[in-house]
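So this block is structure13.txt, compact mmCIF, C-alpha atoms and all ligand atoms:
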# COMPACT_ATOMS: atom_id res chain seq x y z
CA MET Z 16 0.00 0.00 0.00
CA THR Z 17 1.21 3.48 -0.86
CA PRO Z 18 1.93 5.47 2.28
CA VAL Z 19 -0.07 8.64 2.82
CA ARG Z 20 2.34 11.51 2.56
CA ASP Z 21 0.11 14.57 2.85
CA ASN Z 22 2.16 15.88 5.74
CA TYR Z 23 5.17 16.53 3.50
CA TYR Z 24 3.26 19.28 1.72
CA SER Z 25 2.96 22.77 3.19
CA GLU Z 26 0.59 25.70 2.84
CA ASN Z 27 3.19 28.42 2.44
CA TRP Z 28 6.92 29.13 2.34
CA TYR Z 29 7.18 29.66 6.11
CA GLU Z 30 5.63 26.33 6.97
CA ALA Z 31 7.66 24.54 4.30
CA THR Z 32 10.92 26.07 5.53
CA GLU Z 33 10.13 25.19 9.14
CA LYS Z 34 9.42 21.58 8.18
CA PHE Z 35 12.58 21.34 6.16
CA ARG Z 36 14.60 22.78 9.04
CA ASN Z 37 13.10 20.39 11.59
CA ASN Z 38 13.60 17.38 9.35
CA ALA Z 39 17.19 18.33 8.53
CA GLU Z 40 18.10 18.99 12.17
CA GLU Z 41 17.29 15.36 12.95
CA PHE Z 42 20.71 14.63 11.46
CA GLY Z 43 22.74 16.96 13.65
CA ASP Z 44 24.53 19.99 12.41
CA CYS Z 45 23.81 19.58 8.71
CA LEU Z 46 21.75 22.70 8.01
CA GLN Z 47 23.18 25.91 6.59
CA TRP Z 48 21.54 29.13 5.45
CA CYS Z 49 22.25 31.44 2.59
CA VAL Z 50 21.09 34.80 3.92
CA SER Z 51 20.29 37.70 1.64
CA ASP Z 52 19.97 41.42 2.35
CA LYS Z 53 17.75 41.86 -0.71
CA THR Z 54 14.95 39.43 0.06
CA LYS Z 55 13.53 38.10 3.31
CA TYR Z 56 13.38 34.61 1.86
CA ASP Z 57 16.68 33.05 2.91
CA ILE Z 58 17.63 29.74 1.37
CA PRO Z 59 18.35 26.83 3.74
CA TYR Z 60 20.33 23.86 2.52
CA ALA Z 61 21.18 20.58 4.18
CA LEU Z 62 24.46 18.70 3.70
CA ILE Z 63 24.50 14.96 4.41
CA GLY Z 64 27.79 13.08 4.38
CA ASN Z 65 31.23 14.48 3.62
CA GLY Z 66 32.46 12.72 0.51
CA PRO Z 67 34.11 14.31 -2.55
CA HIS Z 68 31.29 13.41 -4.96
CA LYS Z 69 28.56 16.02 -4.68
CA VAL Z 70 24.92 15.17 -5.37
CA VAL Z 71 22.64 18.20 -5.22
CA ILE Z 72 18.85 18.23 -5.33
CA ASN Z 73 17.44 21.75 -5.55
CA SER Z 74 13.82 22.91 -5.51
CA GLY Z 75 11.64 25.93 -6.17
CA VAL Z 76 13.72 27.87 -8.70
CA HIS Z 77 10.20 28.44 -10.00
CA GLY Z 78 8.41 29.56 -6.84
CA ILE Z 79 5.10 27.73 -7.01
CA GLU Z 80 6.85 24.53 -8.09
CA GLY Z 81 8.54 24.63 -4.69
CA TYR Z 82 5.44 23.15 -3.05
CA PHE Z 83 6.13 19.82 -4.68
CA GLY Z 84 9.92 20.25 -4.47
CA SER Z 85 9.81 20.98 -0.76
CA ALA Z 86 7.52 18.00 -0.11
CA ALA Z 87 9.88 15.73 -2.07
CA GLN Z 88 12.87 17.00 -0.09
CA ASN Z 89 11.03 16.42 3.20
CA MET Z 90 10.26 12.89 2.04
CA PHE Z 91 13.95 12.42 1.20
CA LEU Z 92 15.02 13.55 4.68
CA THR Z 93 12.42 11.38 6.40
CA GLU Z 94 12.46 8.19 4.34
CA PHE Z 95 15.91 8.04 2.75
CA VAL Z 96 18.58 9.78 4.78
CA PRO Z 97 18.13 7.56 7.89
CA PHE Z 98 19.28 4.61 5.79
CA PHE Z 99 22.50 6.14 4.48
CA ASP Z 100 25.44 3.93 5.41
CA LYS Z 101 29.08 4.82 6.02
CA ASN Z 102 30.00 4.02 2.42
CA ILE Z 103 27.59 6.66 1.15
CA ARG Z 104 28.52 9.25 3.75
CA ASP Z 105 32.25 8.81 3.08
CA ASN Z 106 32.00 8.98 -0.69
CA TYR Z 107 29.21 11.47 -1.20
CA THR Z 108 27.97 14.80 0.04
CA ILE Z 109 24.25 14.97 -0.66
CA VAL Z 110 22.95 18.52 -0.62
CA LEU Z 111 19.31 19.57 -0.56
CA VAL Z 112 18.81 23.22 -1.55
CA HIS Z 113 15.35 24.18 -0.35
CA VAL Z 114 13.19 26.56 -2.45
CA ILE Z 115 15.35 29.01 -4.36
CA ASN Z 116 12.45 31.37 -5.18
CA GLY Z 117 10.82 31.89 -1.78
CA TRP Z 118 8.89 35.01 -2.84
CA GLY Z 119 7.37 33.14 -5.75
CA MET Z 120 6.39 30.23 -3.54
CA GLN Z 121 4.83 32.44 -0.90
CA ASN Z 122 2.91 34.35 -3.58
CA ARG Z 123 2.10 31.23 -5.61
CA MET Z 124 3.88 32.57 -8.66
CA ARG Z 125 6.37 30.82 -10.88
CA GLU Z 126 8.45 33.99 -11.29
CA VAL Z 127 9.76 36.63 -8.94
CA ARG Z 128 8.78 40.29 -9.35
CA ASP Z 129 11.65 42.70 -9.77
CA PHE Z 130 10.23 45.66 -7.88
CA ALA Z 131 13.39 47.67 -8.54
CA HIS Z 132 12.52 47.51 -12.24
CA ASN Z 133 8.80 48.28 -12.54
CA GLY Z 134 7.72 44.97 -11.03
CA ALA Z 135 8.85 42.96 -14.06
CA LEU Z 136 8.17 39.23 -13.84
CA VAL Z 137 11.51 37.48 -13.87
CA ASP Z 138 11.88 33.78 -14.60
CA LEU Z 139 14.88 32.95 -12.40
CA ASN Z 140 15.69 29.98 -14.60
CA ARG Z 141 16.41 32.38 -17.49
CA ASN Z 142 18.59 34.64 -15.31
CA PHE Z 143 21.60 32.40 -14.53
CA GLY Z 144 24.98 33.15 -16.06
CA VAL Z 145 23.67 35.92 -18.33
CA ASP Z 146 26.02 38.87 -18.90
CA PHE Z 147 23.83 41.88 -18.11
CA THR Z 148 26.68 44.44 -18.22
CA GLN Z 149 25.97 45.38 -21.84
CA PRO Z 150 22.19 45.67 -22.30
CA ASP Z 151 22.46 45.93 -26.09
CA LYS Z 152 24.34 42.64 -26.24
CA LEU Z 153 21.84 40.52 -24.34
CA PRO Z 154 20.78 37.27 -26.04
CA GLN Z 155 18.10 37.79 -28.69
CA ASN Z 156 15.03 35.66 -29.29
CA PRO Z 157 13.40 37.12 -32.42
CA LYS Z 158 11.07 34.14 -32.76
CA TYR Z 159 9.50 34.97 -29.39
CA ASP Z 160 8.67 38.46 -30.72
CA ILE Z 161 6.28 36.91 -33.24
CA ALA Z 162 4.15 35.40 -30.43
CA HIS Z 163 4.34 38.20 -27.87
CA ASP Z 164 1.35 40.33 -28.92
CA LEU Z 165 -0.98 37.36 -29.20
CA LEU Z 166 0.07 35.97 -25.80
CA LEU Z 167 -0.52 39.32 -24.11
CA SER Z 168 -3.78 40.09 -25.93
CA THR Z 169 -7.09 40.62 -24.11
CA PRO Z 170 -8.00 37.57 -22.03
CA ASP Z 171 -10.82 35.55 -23.57
CA GLU Z 172 -11.14 31.95 -22.50
CA HIS Z 173 -12.53 30.74 -25.81
CA LYS Z 174 -11.42 33.13 -28.56
CA LYS Z 175 -7.86 33.55 -27.34
CA MET Z 176 -7.45 29.83 -26.77
CA LEU Z 177 -8.51 29.13 -30.37
CA GLU Z 178 -6.12 31.79 -31.67
CA ILE Z 179 -3.20 30.38 -29.71
CA LYS Z 180 -4.14 26.91 -30.93
CA LYS Z 181 -4.08 28.17 -34.52
CA PHE Z 182 -0.77 29.91 -33.88
CA ARG Z 183 0.69 26.68 -32.57
CA ALA Z 184 -0.44 24.72 -35.63
CA LYS Z 185 1.10 27.34 -37.91
CA HIS Z 186 4.40 27.60 -36.04
CA LEU Z 187 4.97 24.12 -34.73
CA HIS Z 188 7.68 23.30 -37.26
CA ASP Z 189 9.39 26.65 -37.84
CA GLY Z 190 10.74 26.86 -34.27
CA VAL Z 191 8.52 29.79 -33.26
CA TRP Z 192 6.24 27.83 -30.92
CA ALA Z 193 9.19 26.23 -29.14
CA ALA Z 194 11.05 29.56 -28.93
CA ILE Z 195 8.36 31.02 -26.64
CA SER Z 196 9.78 29.20 -23.63
CA ASN Z 197 13.46 29.58 -24.50
CA GLY Z 198 13.74 32.89 -22.67
CA GLN Z 199 13.85 36.55 -23.75
CA TYR Z 200 15.30 39.82 -22.40
CA LYS Z 201 13.23 42.33 -24.34
CA TYR Z 202 9.75 42.40 -22.77
CA PRO Z 203 9.73 42.73 -18.95
CA TYR Z 204 6.10 41.63 -18.93
CA GLY Z 205 6.57 39.01 -21.60
CA LEU Z 206 6.70 35.27 -20.97
CA PHE Z 207 9.91 33.59 -19.80
CA TYR Z 208 11.60 36.98 -19.25
CA GLY Z 209 15.13 36.61 -17.90
CA GLY Z 210 15.41 40.01 -16.22
CA CYS Z 211 17.79 42.95 -16.70
CA THR Z 212 20.20 42.26 -13.84
CA PRO Z 213 21.29 39.21 -11.84
CA MET Z 214 18.57 38.59 -9.26
CA ALA Z 215 19.36 38.13 -5.55
CA GLU Z 216 18.07 34.55 -5.63
CA ASN Z 217 20.40 33.68 -8.50
CA LYS Z 218 23.44 35.08 -6.72
CA MET Z 219 22.45 33.18 -3.57
CA THR Z 220 22.06 29.94 -5.49
CA LEU Z 221 25.46 30.28 -7.14
CA ASP Z 222 27.02 31.16 -3.77
CA ILE Z 223 25.63 27.91 -2.37
CA TYR Z 224 27.01 25.88 -5.28
CA ASP Z 225 30.40 27.61 -4.95
CA LYS Z 226 30.49 26.60 -1.27
CA ILE Z 227 29.54 23.02 -2.15
CA MET Z 228 32.22 22.83 -4.84
CA THR Z 229 35.19 22.68 -2.47
CA PRO Z 230 38.64 22.12 -4.08
CA ASP Z 231 38.57 18.39 -3.26
CA THR Z 232 35.31 17.87 -5.20
CA LYS Z 233 35.55 14.98 -7.66
CA SER Z 234 32.16 15.29 -9.40
CA LEU Z 235 28.91 17.24 -9.33
CA THR Z 236 25.54 15.70 -10.08
CA SER Z 237 22.76 18.28 -9.75
CA VAL Z 238 19.04 17.71 -10.28
CA GLY Z 239 16.42 20.46 -10.07
CA LEU Z 240 12.87 19.52 -9.06
CA HIS Z 241 10.20 21.12 -11.25
CA THR Z 242 6.53 20.83 -12.05
CA GLY Z 243 5.01 22.21 -15.24
CA LEU Z 244 1.60 21.13 -16.25
CA GLY Z 245 -0.82 23.47 -17.83
CA ARG Z 246 -4.19 22.93 -16.17
CA PHE Z 247 -4.44 19.53 -14.59
CA TRP Z 248 -7.66 17.83 -15.60
CA ARG Z 249 -8.78 15.46 -12.87
CA LYS Z 250 -10.58 13.06 -15.19
CA ALA Z 251 -7.75 12.55 -17.64
CA GLY Z 252 -4.70 13.83 -15.83
CA ARG Z 253 -1.90 11.38 -15.41
CA VAL Z 254 1.25 12.22 -13.52
CA THR Z 255 4.45 11.89 -15.51
CA GLY Z 256 8.06 12.30 -14.48
CA GLN Z 257 10.74 13.21 -16.99
CA MET Z 258 14.44 13.88 -16.69
CA LEU Z 259 15.14 16.84 -18.95
CA VAL Z 260 18.75 16.93 -20.08
CA SER Z 261 19.88 20.03 -21.96
CA HIS Z 262 22.04 18.03 -24.37
CA PRO Z 263 21.52 15.79 -27.41
CA SER Z 264 21.21 12.00 -27.05
CA ASN Z 265 24.84 11.30 -27.83
CA HIS Z 266 26.19 13.68 -25.14
CA GLU Z 267 27.88 11.91 -22.23
CA ASN Z 268 25.65 13.65 -19.67
CA THR Z 269 22.52 12.42 -21.43
CA LYS Z 270 23.97 8.90 -21.35
CA PHE Z 271 24.81 9.30 -17.67
CA PHE Z 272 21.24 10.24 -16.73
CA HIS Z 273 19.97 7.49 -18.95
CA LYS Z 274 22.01 5.03 -16.92
CA ILE Z 275 20.89 6.23 -13.50
CA THR Z 276 17.27 7.35 -14.08
CA PRO Z 277 14.38 4.98 -13.28
CA SER Z 278 12.86 3.36 -16.34
CA VAL Z 279 9.42 4.72 -15.42
CA SER Z 280 10.75 8.26 -15.95
CA PRO Z 281 12.18 8.78 -19.43
CA VAL Z 282 15.28 10.83 -20.08
CA VAL Z 283 14.41 13.56 -22.56
CA PRO Z 284 17.41 14.87 -24.49
CA ASP Z 285 17.46 18.18 -26.37
CA GLU Z 286 18.55 17.31 -29.91
CA ASN Z 287 18.72 21.00 -30.87
CA ALA Z 288 21.34 21.82 -28.26
CA VAL Z 289 24.24 20.76 -30.46
CA ASN Z 290 26.27 23.97 -30.43
CA GLY Z 291 25.05 25.27 -27.09
CA PRO Z 292 21.99 25.37 -24.87
CA THR Z 293 18.53 26.00 -26.32
CA ILE Z 294 17.20 27.58 -23.15
CA LEU Z 295 18.84 30.88 -22.24
CA GLY Z 296 20.05 31.59 -18.70
CA ASP Z 297 19.06 28.31 -17.07
CA LEU Z 298 20.77 26.90 -14.01
CA VAL Z 299 21.87 23.59 -15.48
CA ASP Z 300 23.92 25.07 -18.31
CA CYS Z 301 25.23 27.81 -16.05
CA LEU Z 302 26.61 25.20 -13.63
CA GLU Z 303 28.21 23.16 -16.38
CA ASN Z 304 30.02 26.30 -17.63
CA ARG Z 305 30.86 27.64 -14.22
CA TYR Z 306 32.94 24.63 -13.22
CA ILE Z 307 34.22 23.62 -16.63
CA ASN Z 308 37.86 24.32 -15.72
CA ARG Z 309 37.74 21.87 -12.84
CA ASN Z 310 37.99 19.06 -15.36
CA ILE Z 311 35.68 16.84 -13.32
CA PRO Z 312 32.30 15.42 -14.36
CA ILE Z 313 29.56 18.06 -14.02
CA ARG Z 314 26.14 16.59 -14.80
CA THR Z 315 22.97 18.59 -14.45
CA ALA Z 316 19.33 17.97 -15.30
CA ASP Z 317 15.80 18.94 -14.34
CA PHE Z 318 13.30 16.40 -13.09
CA GLU Z 319 9.94 17.62 -14.30
CA ILE Z 320 6.56 16.39 -13.06
CA GLY Z 321 3.75 16.86 -15.57
CA THR Z 322 0.38 15.42 -16.56
CA GLY Z 323 1.34 13.98 -19.91
CA GLU Z 324 -2.28 13.57 -20.87
CA PHE Z 325 -2.60 16.61 -23.11
CA PRO Z 326 0.61 17.04 -25.03
CA LYS Z 327 -1.18 19.61 -27.18
CA MET Z 328 -3.62 21.52 -24.98
CA SER Z 329 -1.48 21.77 -21.85
CA PRO Z 330 1.17 24.03 -23.39
CA ILE Z 331 -1.56 26.10 -25.07
CA PHE Z 332 -3.42 26.75 -21.81
CA LYS Z 333 -0.18 27.24 -19.92
CA ARG Z 334 0.98 29.96 -22.28
CA MET Z 335 -2.46 31.55 -22.36
CA ASP Z 336 -2.69 31.66 -18.56
CA MET Z 337 0.78 33.19 -18.30
CA GLY Z 338 -0.11 35.79 -20.94
CA ASP Z 339 -3.42 36.61 -19.23
CA ALA Z 340 -1.67 37.14 -15.89
CA ARG Z 341 0.71 39.62 -17.51
CA TYR Z 342 -2.14 41.40 -19.28
CA ASP Z 343 -3.90 41.80 -15.93
CA LEU Z 344 -0.78 43.12 -14.20
CA LEU Z 345 -0.09 45.61 -16.98
CA HIS Z 346 -3.65 46.92 -17.16
CA TYR Z 347 -5.00 46.53 -13.63
CA ASN Z 348 -1.87 45.96 -11.54
CA ARG Z 349 -3.33 42.74 -10.18
CA ILE Z 350 -4.09 39.29 -11.51
CA ASN Z 351 -7.73 38.38 -12.09
CA LEU Z 352 -8.84 35.71 -9.60
CA ILE Z 353 -9.83 33.24 -12.32
CA THR Z 354 -6.47 33.62 -14.02
CA TRP Z 355 -4.82 33.17 -10.65
CA GLU Z 356 -6.73 29.96 -10.07
CA HIS Z 357 -5.70 28.68 -13.50
CA LEU Z 358 -2.05 29.53 -12.86
CA THR Z 359 -2.10 27.80 -9.49
CA GLU Z 360 -3.76 24.67 -10.80
CA SER Z 361 -1.36 24.56 -13.73
CA TRP Z 362 1.75 24.37 -11.58
CA TYR Z 363 0.49 23.00 -8.29
CA PRO Z 364 -2.74 21.04 -8.72
CA SER Z 365 -4.92 20.81 -5.63
CA ASP Z 366 -5.81 17.25 -6.62
CA SER Z 367 -4.63 14.96 -3.82
CA GLY Z 368 -4.09 12.08 -6.24
CA TRP Z 369 -1.71 14.22 -8.27
CA ARG Z 370 0.16 15.22 -5.13
CA GLN Z 371 0.59 11.60 -4.03
CA ASP Z 372 1.60 10.41 -7.49
CA ALA Z 373 4.09 13.23 -7.86
CA LEU Z 374 5.78 12.07 -4.64
CA ASN Z 375 5.77 8.49 -5.93
CA LYS Z 376 7.70 9.72 -8.98
CA ALA Z 377 10.16 11.50 -6.71
CA GLU Z 378 10.48 8.35 -4.63
CA SER Z 379 11.51 6.30 -7.64
CA LEU Z 380 14.01 8.99 -8.61
CA PHE Z 381 15.51 9.00 -5.11
CA ASN Z 382 15.62 5.20 -5.00
CA THR Z 383 17.58 5.19 -8.21
CA LEU Z 384 19.96 7.91 -7.06
CA LEU Z 385 20.54 6.00 -3.84
CA HIS Z 386 21.13 2.76 -5.71
CA ALA Z 387 23.51 4.52 -8.12
CA MET Z 388 25.49 5.85 -5.13
CA GLN Z 389 25.57 2.45 -3.42
CA THR Z 390 26.87 0.80 -6.55
CA GLY Z 391 29.36 3.57 -7.32
CA LYS Z 392 27.71 4.62 -10.59
CA ILE Z 393 27.95 8.27 -9.61
CA LYS Z 394 31.66 8.95 -9.74
ZN ZN U 1 10.10 24.90 -13.38
Mind turning this structure into structure tokens?
Ligand SMILES: [Zn+2]
Amino acid sequence: MTPVRDNYYSENWYEATEKFRNNAEEFGDCLQWCVSDKTKYDIPYALIGNGPHKVVINSGVHGIEGYFGSAAQNMFLTEFVPFFDKNIRDNYTIVLVHVINGWGMQNRMREVRDFAHNGALVDLNRNFGVDFTQPDKLPQNPKYDIAHDLLLSTPDEHKKMLEIKKFRAKHLHDGVWAAISNGQYKYPYGLFYGGCTPMAENKMTLDIYDKIMTPDTKSLTSVGLHTGLGRFWRKAGRVTGQMLVSHPSNHENTKFFHKITPSVSPVVPDENAVNGPTILGDLVDCLENRYINRNIPIRTADFEIGTGEFPKMSPIFKRMDMGDARYDLLHYNRINLITWEHLTESWYPSDSGWRQDALNKAESLFNTLLHAMQTGKIK
């Protein structure tokens, strides 16, 4: 029988952080804090073991996705860490970085608002490792421009949805549809906006990784926990887990994750990322570049929980809901309650079955990671 794990989930950032702290402190002095003067949402992280191979599991780089990520990390502390043996503790340091975007989690938003720059909505996972010193040399995404006006047009549940659906059909094979989520630095209220300056949360995250990456480090394996659904539909929704690797199939990191990831959760390579990353400013590619001169294995990926049941409609609704939220903020300075509800359900469904299944996916991921450590596959 599947255990009931409702108690791993929290109602807000404060409760989640308190739970994480209590669970981590069960294992002695393993908790550290990255404290910021720019945001009140400090980032706690727990270090288990003291080996040279570093295995990091981070959560909540997209705020609202931190509800699942935090629950999964609490499950890890409660159900996995007590069974770590000396072999694991001597060879590995397992690090749990708890909720990178605390503001977003507390406010049930995926992004963080940059109040120093007109309240722009910044996707922190498009803000890592970007050189903001020369604004006219920021990465360009001209294909996003083609979709921007439609995405931010007047909300209309039926008409706008049909128009976005038509747009998708027209631009599915010319790269425009896919480019929407790749990141852009032109429209502060556009979708997947990477910001105009390094955000406090990004600096904090990289500080934590720099501390983890002590000179004796022999490898880094880092997995981010994400959810990304697009309106979960109770009747047809099915929870999926995918390991998203930002490299083509033949890349050694893709092969590595293929080897260690549970068979129930497919590894999804990015065949377009031949000459560099497709997604701009994301954490995984930033980490791989940041430590490239160490000449040690640096493998990064995102574990994404989805529904899988509407490969077509989910991304349409998701983009529409994000566009509607921005329309509301631009015109009324607040998000319409219906749009808010849609956004929340898209990234953190209230369905208890989804919440349980999502943790089951995380459990199989953790089991595999643990097994890979026990058998020395992560080296
Ligand atoms: Zn995410």
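Counting only C-alpha atoms and all ligand atoms, the residue from Z:Phe272, Z:Tyr363, Z:Tyr306, Z:Phe98 that sits nearest to ligand ZN 1 (chain U) is Z:Tyr363.
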Task: Residue neighbourhood Z:Lys152, 12 Å, all atoms listed in the file, exclusion window fewer than 5 positions, as number ranges by chain - done: Z: 145-147, 200-201, 211
Around all of stretch 259-269 of chain Z's listed atoms, make the axis-aligned box with 6 Å on each side and tell me centre and edge lengths in Å to one decimal, as JSON.
{"center_x": 21.5, "center_y": 15.7, "center_z": -23.4, "size_x": 24.7, "size_y": 20.7, "size_z": 20.9}
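Near ligand ZN 1 (chain U), at distances of 7 Å or less and with only C-alpha atoms and all ligand atoms counted, sit the residues Val76, His77, Glu80, His241, Thr242 and Gly243 of chain Z.
Using all atoms listed in the file, the shortest contact distance between Z:Leu177 and any of Z:Asn65, Z:Met335, Z:Gln257, Z:Ala162 is found at Z:Met335.
Of the residues listed (Z:Phe207, Z:Phe143, Z:Trp355, Z:Tyr224), Z:Phe143 shows the shortest atom-to-atom separation from Z:Gly296; distances use only C-alpha atoms.
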Task: Residues within 9 Å of Z:Asp336, all atoms listed in the file, excluding chain neighbours under 5 positions, as a VMD selection string - done: chain Z and resid 166 170 245 331 341 354 to 355 357 to 358 361
If you take only C-alpha atoms and a cut-off of 10 Å, which residues of stretch 55-85 of chain Z touch stretch 374-390 of chain Z, and what are their nearest atom pairs and distances in Å to one decimal, in chain and number order, as JSON lines?
{"residue": "Z:His68", "atom": "CA", "partner": "Z:Met388", "partner_atom": "CA", "distance": 9.5}
{"residue": "Z:Val70", "atom": "CA", "partner": "Z:Leu384", "partner_atom": "CA", "distance": 9.0}
{"residue": "Z:Ile72", "atom": "CA", "partner": "Z:Phe381", "partner_atom": "CA", "distance": 9.8}
{"residue": "Z:Phe83", "atom": "CA", "partner": "Z:Leu374", "partner_atom": "CA", "distance": 7.8}
{"residue": "Z:Gly84", "atom": "CA", "partner": "Z:Ala377", "partner_atom": "CA", "distance": 9.0}
Task: Selected residue, from Z:Ile161, Z:Gly43, Z:Asn310, Z:Ser367, that lies nearest to Z:Pro230 when counting all atoms listed in the file - done: Z:Asn310
Neighbouring residues of stretch 30-32 of chain Z were defined as those with any atom within 8 Å, considering all atoms listed in the file; residues of the same chain fewer than 3 positions away were excluded. Please report them as a PDB file with C-alpha atoms, in the frame of the given file.
ATOM      1  CA  TYR Z  24       3.260  19.280   1.720  1.00  0.00           C
ATOM      2  CA  SER Z  25       2.960  22.770   3.190  1.00  0.00           C
ATOM      3  CA  GLU Z  26       0.590  25.700   2.840  1.00  0.00           C
ATOM      4  CA  ASN Z  27       3.190  28.420   2.440  1.00  0.00           C
ATOM      5  CA  PHE Z  35      12.580  21.340   6.160  1.00  0.00           C
ATOM      6  CA  ARG Z  36      14.600  22.780   9.040  1.00  0.00           C
ATOM      7  CA  PRO Z  59      18.350  26.830   3.740  1.00  0.00           C
ATOM      8  CA  TYR Z  82       5.440  23.150  -3.050  1.00  0.00           C
ATOM      9  CA  SER Z  85       9.810  20.980  -0.760  1.00  0.00           C
ATOM     10  CA  ALA Z  86       7.520  18.000  -0.110  1.00  0.00           C
ATOM     11  CA  HIS Z 113      15.350  24.180  -0.350  1.00  0.00           C
TER      12      HIS Z 113
END
